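Contents: one structure, followed by commentary.
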Amino acid sequence: MIAPWKTFSAGLAFLALAACGGDTEQAATDYRGDEALPGGGTVKEAIEARQSSLKEMGKAFKTISDQLKAGAPDLDAIKTSAATVAEKSAHIGTWFPEGTSAASGVETEALDTIWEKPDEFDAAVTRFEGAAPQLVAAADSGDVEAIGAAFKETGGACKNCHDTFREDDD
């Protein structure tokens with residue numbers, strides 16, 4: 001039988017070593033973020049590109065929203081922004097390759113639900129991809145009411161993804 005003090009001492013030594021062992025989680029994070037993806041690039045590069053594109057789309061949505069609230073909306077600004085949303089939406093399904101979740105160690109607000117429920121995610125992406133060209137058509141028409149309705153539909157599709165597949169900002 002092992003003496004209790006030896007078990008306690010061994011446990012204490014293990015804890016001391018673990019505490020002094022350095023930041024092993026950070027080392028794993030750095031390595032995982034640098035892992036190559038089958039389609040090319042690294043996990044970190046894919047997540048950063050995704051975040052950059054989503055931010056561009058967010059700025060475009062804000063421009064449209066601001067213009068619709070303005071007394072005399074700048075239709076050219078709306079058209080340019082609607083085109084950005086549509087162009088980005090055509091690629092959104094490729095922005096979430098396997099391996100680019102938070103488990104990669106790279107900071108992302110993308111929830112694991114994206115990869116756990118791919119059919120639901122694909123349906124949400126399809127809804128958004130379908131709404132974005134309608135926003136372009138409305139913007140091209142110059143009809144502010146039509147733009148507002150298309151913006152509401154496209155924004156609703158965008159919000160649906162955020163509500164279901166993105167970590168809360170709280």
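Each chain in the structure tokens gets a letter, A, B, ..., in the order shown, and its residues are numbered from 1; ligands are numbered from 1 in order too.
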
message: Quick one: residues within 12 Å of Glu45 of chain A, only C-alpha atoms, excluding same-chain residues fewer than 6 positions away - as a ChimeraX atom specification?
response: /A:32-37,39,51-52,95-97,99-100,104,106-108

Selection from above, N, CA and C atoms, as a PDB file, in the first residue's frame, can you write it?
ATOM      1  N   ARG A  32      -2.563  25.237 -34.195  1.00  0.00           N
ATOM      2  CA  ARG A  32      -3.813  24.914 -34.871  1.00  0.00           C
ATOM      3  C   ARG A  32      -4.210  26.020 -35.832  1.00  0.00           C
ATOM      4  N   GLY A  33      -3.979  27.254 -35.463  1.00  0.00           N
ATOM      5  CA  GLY A  33      -4.315  28.355 -36.354  1.00  0.00           C
ATOM      6  C   GLY A  33      -3.479  28.360 -37.622  1.00  0.00           C
ATOM      7  N   ASP A  34      -2.301  27.735 -37.532  1.00  0.00           N
ATOM      8  CA  ASP A  34      -1.413  27.675 -38.691  1.00  0.00           C
ATOM      9  C   ASP A  34      -1.588  26.404 -39.512  1.00  0.00           C
ATOM     10  N   GLU A  35      -2.538  25.553 -39.117  1.00  0.00           N
ATOM     11  CA  GLU A  35      -2.769  24.321 -39.875  1.00  0.00           C
ATOM     12  C   GLU A  35      -3.287  24.653 -41.267  1.00  0.00           C
ATOM     13  N   ALA A  36      -2.827  23.902 -42.237  1.00  0.00           N
ATOM     14  CA  ALA A  36      -3.271  24.095 -43.623  1.00  0.00           C
ATOM     15  C   ALA A  36      -4.649  23.477 -43.820  1.00  0.00           C
ATOM     16  N   LEU A  37      -5.457  24.139 -44.611  1.00  0.00           N
ATOM     17  CA  LEU A  37      -6.772  23.615 -44.980  1.00  0.00           C
ATOM     18  C   LEU A  37      -6.663  22.903 -46.325  1.00  0.00           C
ATOM     19  N   GLY A  39      -8.338  23.156 -48.987  1.00  0.00           N
ATOM     20  CA  GLY A  39      -8.509  24.056 -50.125  1.00  0.00           C
ATOM     21  C   GLY A  39      -7.405  25.093 -50.268  1.00  0.00           C
ATOM     22  N   GLN A  51     -13.979  36.949 -41.547  1.00  0.00           N
ATOM     23  CA  GLN A  51     -14.322  38.095 -40.713  1.00  0.00           C
ATOM     24  C   GLN A  51     -14.224  39.402 -41.489  1.00  0.00           C
ATOM     25  N   SER A  52     -13.223  39.530 -42.320  1.00  0.00           N
ATOM     26  CA  SER A  52     -13.060  40.738 -43.130  1.00  0.00           C
ATOM     27  C   SER A  52     -14.230  40.910 -44.096  1.00  0.00           C
ATOM     28  N   TRP A  95     -17.063  30.317 -46.846  1.00  0.00           N
ATOM     29  CA  TRP A  95     -16.299  30.973 -45.787  1.00  0.00           C
ATOM     30  C   TRP A  95     -16.189  30.159 -44.505  1.00  0.00           C
ATOM     31  N   PHE A  96     -16.848  29.014 -44.447  1.00  0.00           N
ATOM     32  CA  PHE A  96     -16.899  28.238 -43.215  1.00  0.00           C
ATOM     33  C   PHE A  96     -16.408  26.808 -43.430  1.00  0.00           C
ATOM     34  N   PRO A  97     -15.185  26.648 -43.939  1.00  0.00           N
ATOM     35  CA  PRO A  97     -14.698  25.287 -44.155  1.00  0.00           C
ATOM     36  C   PRO A  97     -14.519  24.543 -42.829  1.00  0.00           C
ATOM     37  N   GLY A  99     -12.996  22.882 -39.802  1.00  0.00           N
ATOM     38  CA  GLY A  99     -11.749  23.214 -39.119  1.00  0.00           C
ATOM     39  C   GLY A  99     -11.608  24.675 -38.755  1.00  0.00           C
ATOM     40  N   THR A 100     -12.609  25.512 -39.104  1.00  0.00           N
ATOM     41  CA  THR A 100     -12.500  26.946 -38.812  1.00  0.00           C
ATOM     42  C   THR A 100     -13.458  27.382 -37.712  1.00  0.00           C
ATOM     43  N   SER A 104     -10.523  25.657 -33.219  1.00  0.00           N
ATOM     44  CA  SER A 104      -9.221  25.829 -33.875  1.00  0.00           C
ATOM     45  C   SER A 104      -8.270  26.643 -33.017  1.00  0.00           C
ATOM     46  N   VAL A 106      -8.452  29.896 -32.923  1.00  0.00           N
ATOM     47  CA  VAL A 106      -8.472  31.240 -33.491  1.00  0.00           C
ATOM     48  C   VAL A 106      -9.799  31.878 -33.085  1.00  0.00           C
ATOM     49  N   GLU A 107      -9.746  33.118 -32.628  1.00  0.00           N
ATOM     50  CA  GLU A 107     -10.955  33.787 -32.161  1.00  0.00           C
ATOM     51  C   GLU A 107     -11.967  33.924 -33.295  1.00  0.00           C
ATOM     52  N   THR A 108     -13.172  33.419 -33.039  1.00  0.00           N
ATOM     53  CA  THR A 108     -14.268  33.518 -33.994  1.00  0.00           C
ATOM     54  C   THR A 108     -15.583  33.453 -33.240  1.00  0.00           C
TER      55      THR A 108
END

task: Can you check which residues of segment 58-118 of chain A DSSP gives as alpha helix (DSSP H) on the backbone and send them as a ChimeraX atom specification?
output: /A:58-69,75-89,113-116,118

Write the residues you've just listed into a file as a compact mmCIF listing (two decimals), in the first residue's frame, and include N, CA and C atoms for each of them.
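Below is the file that was written, result_28.txt:
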# COMPACT_ATOMS: atom_id res chain seq x y z
N GLY A 58 -21.24 44.12 -43.42
CA GLY A 58 -21.87 44.89 -42.35
C GLY A 58 -21.83 46.39 -42.63
N LYS A 59 -20.70 46.87 -43.14
CA LYS A 59 -20.59 48.29 -43.51
C LYS A 59 -21.56 48.64 -44.63
N ALA A 60 -21.69 47.73 -45.58
CA ALA A 60 -22.62 47.97 -46.69
C ALA A 60 -24.06 48.04 -46.18
N PHE A 61 -24.42 47.13 -45.27
CA PHE A 61 -25.76 47.17 -44.68
C PHE A 61 -25.98 48.47 -43.93
N LYS A 62 -24.97 48.92 -43.19
CA LYS A 62 -25.11 50.17 -42.43
C LYS A 62 -25.31 51.35 -43.38
N THR A 63 -24.58 51.37 -44.47
CA THR A 63 -24.73 52.46 -45.45
C THR A 63 -26.16 52.49 -45.98
N ILE A 64 -26.68 51.33 -46.35
CA ILE A 64 -28.06 51.28 -46.87
C ILE A 64 -29.04 51.74 -45.80
N SER A 65 -28.87 51.25 -44.58
CA SER A 65 -29.76 51.64 -43.49
C SER A 65 -29.72 53.15 -43.26
N ASP A 66 -28.52 53.70 -43.20
CA ASP A 66 -28.38 55.15 -42.99
C ASP A 66 -29.04 55.94 -44.12
N GLN A 67 -28.86 55.49 -45.35
CA GLN A 67 -29.44 56.19 -46.50
C GLN A 67 -30.96 56.11 -46.49
N LEU A 68 -31.50 54.95 -46.10
CA LEU A 68 -32.96 54.82 -46.05
C LEU A 68 -33.57 55.70 -44.97
N LYS A 69 -32.80 56.02 -43.95
CA LYS A 69 -33.28 56.89 -42.88
C LYS A 69 -33.11 58.37 -43.24
N LEU A 75 -29.00 57.31 -53.80
CA LEU A 75 -29.27 56.05 -54.48
C LEU A 75 -28.00 55.40 -55.01
N ASP A 76 -27.01 56.20 -55.38
CA ASP A 76 -25.74 55.61 -55.83
C ASP A 76 -25.04 54.87 -54.69
N ALA A 77 -25.07 55.45 -53.50
CA ALA A 77 -24.47 54.78 -52.33
C ALA A 77 -25.22 53.48 -52.02
N ILE A 78 -26.54 53.52 -52.16
CA ILE A 78 -27.34 52.32 -51.92
C ILE A 78 -27.02 51.25 -52.97
N LYS A 79 -26.92 51.65 -54.23
CA LYS A 79 -26.60 50.70 -55.30
C LYS A 79 -25.24 50.05 -55.08
N THR A 80 -24.26 50.86 -54.74
CA THR A 80 -22.91 50.34 -54.50
C THR A 80 -22.91 49.36 -53.33
N SER A 81 -23.60 49.72 -52.27
CA SER A 81 -23.65 48.87 -51.09
C SER A 81 -24.44 47.59 -51.35
N ALA A 82 -25.54 47.69 -52.08
CA ALA A 82 -26.32 46.50 -52.42
C ALA A 82 -25.49 45.55 -53.26
N ALA A 83 -24.70 46.10 -54.18
CA ALA A 83 -23.82 45.26 -55.01
C ALA A 83 -22.77 44.55 -54.15
N THR A 84 -22.25 45.24 -53.14
CA THR A 84 -21.29 44.62 -52.23
C THR A 84 -21.93 43.46 -51.49
N VAL A 85 -23.14 43.68 -50.97
CA VAL A 85 -23.85 42.61 -50.25
C VAL A 85 -24.07 41.41 -51.17
N ALA A 86 -24.52 41.66 -52.39
CA ALA A 86 -24.79 40.56 -53.32
C ALA A 86 -23.51 39.82 -53.70
N GLU A 87 -22.45 40.57 -53.97
CA GLU A 87 -21.19 39.93 -54.35
C GLU A 87 -20.66 39.07 -53.21
N LYS A 88 -20.71 39.58 -52.01
CA LYS A 88 -20.23 38.83 -50.85
C LYS A 88 -21.13 37.63 -50.57
N SER A 89 -22.43 37.80 -50.72
CA SER A 89 -23.36 36.71 -50.42
C SER A 89 -23.14 35.50 -51.32
N THR A 113 -22.58 25.03 -34.26
CA THR A 113 -23.84 24.65 -34.91
C THR A 113 -23.70 24.66 -36.43
N ILE A 114 -22.85 25.51 -36.95
CA ILE A 114 -22.62 25.57 -38.40
C ILE A 114 -22.20 24.21 -38.94
N TRP A 115 -21.30 23.56 -38.23
CA TRP A 115 -20.76 22.28 -38.69
C TRP A 115 -21.55 21.09 -38.14
N GLU A 116 -22.26 21.31 -37.03
CA GLU A 116 -23.07 20.24 -36.45
C GLU A 116 -24.39 20.07 -37.19
N PRO A 118 -25.21 21.11 -40.70
CA PRO A 118 -24.89 21.73 -41.99
C PRO A 118 -26.10 21.97 -42.89

task: Identify which of the residues A:Leu54, A:Ala157, A:Ile47, A:Ile147 lies closest to Gly130 of chain A, counting only C-alpha atoms when measuring atom-to-atom distances.
output: A:Ala157

field: Minimum-distance residue to Phe165 of chain A, chosen among A:Asp143, A:Glu56, A:Asp112, A:Glu48 (using only C-alpha atoms)
entry: A:Asp112

task: In Å, rounded to a single decimal, give me how far atom CA of Ala132 of chain A is from atom CA of Thr42 of chain A.
output: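 A separation of 28.8 Å between them.
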
field: DSSP strand (DSSP E or B) selection over chain A, as a list in words
entry: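 These are the residues in question: Ala36, Thr42, Ala110 and Arg166 of chain A.
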
field: Counting only C-alpha atoms, the residue of A:Val125, A:Glu120, A:Gly71, A:Ala149 that sits nearest Ile92 of chain A
entry: A:Val125

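Taking atom CA of Ala139 of chain A and atom CA of Cys161 of chain A as endpoints, the distance between them is 23.0 Å.
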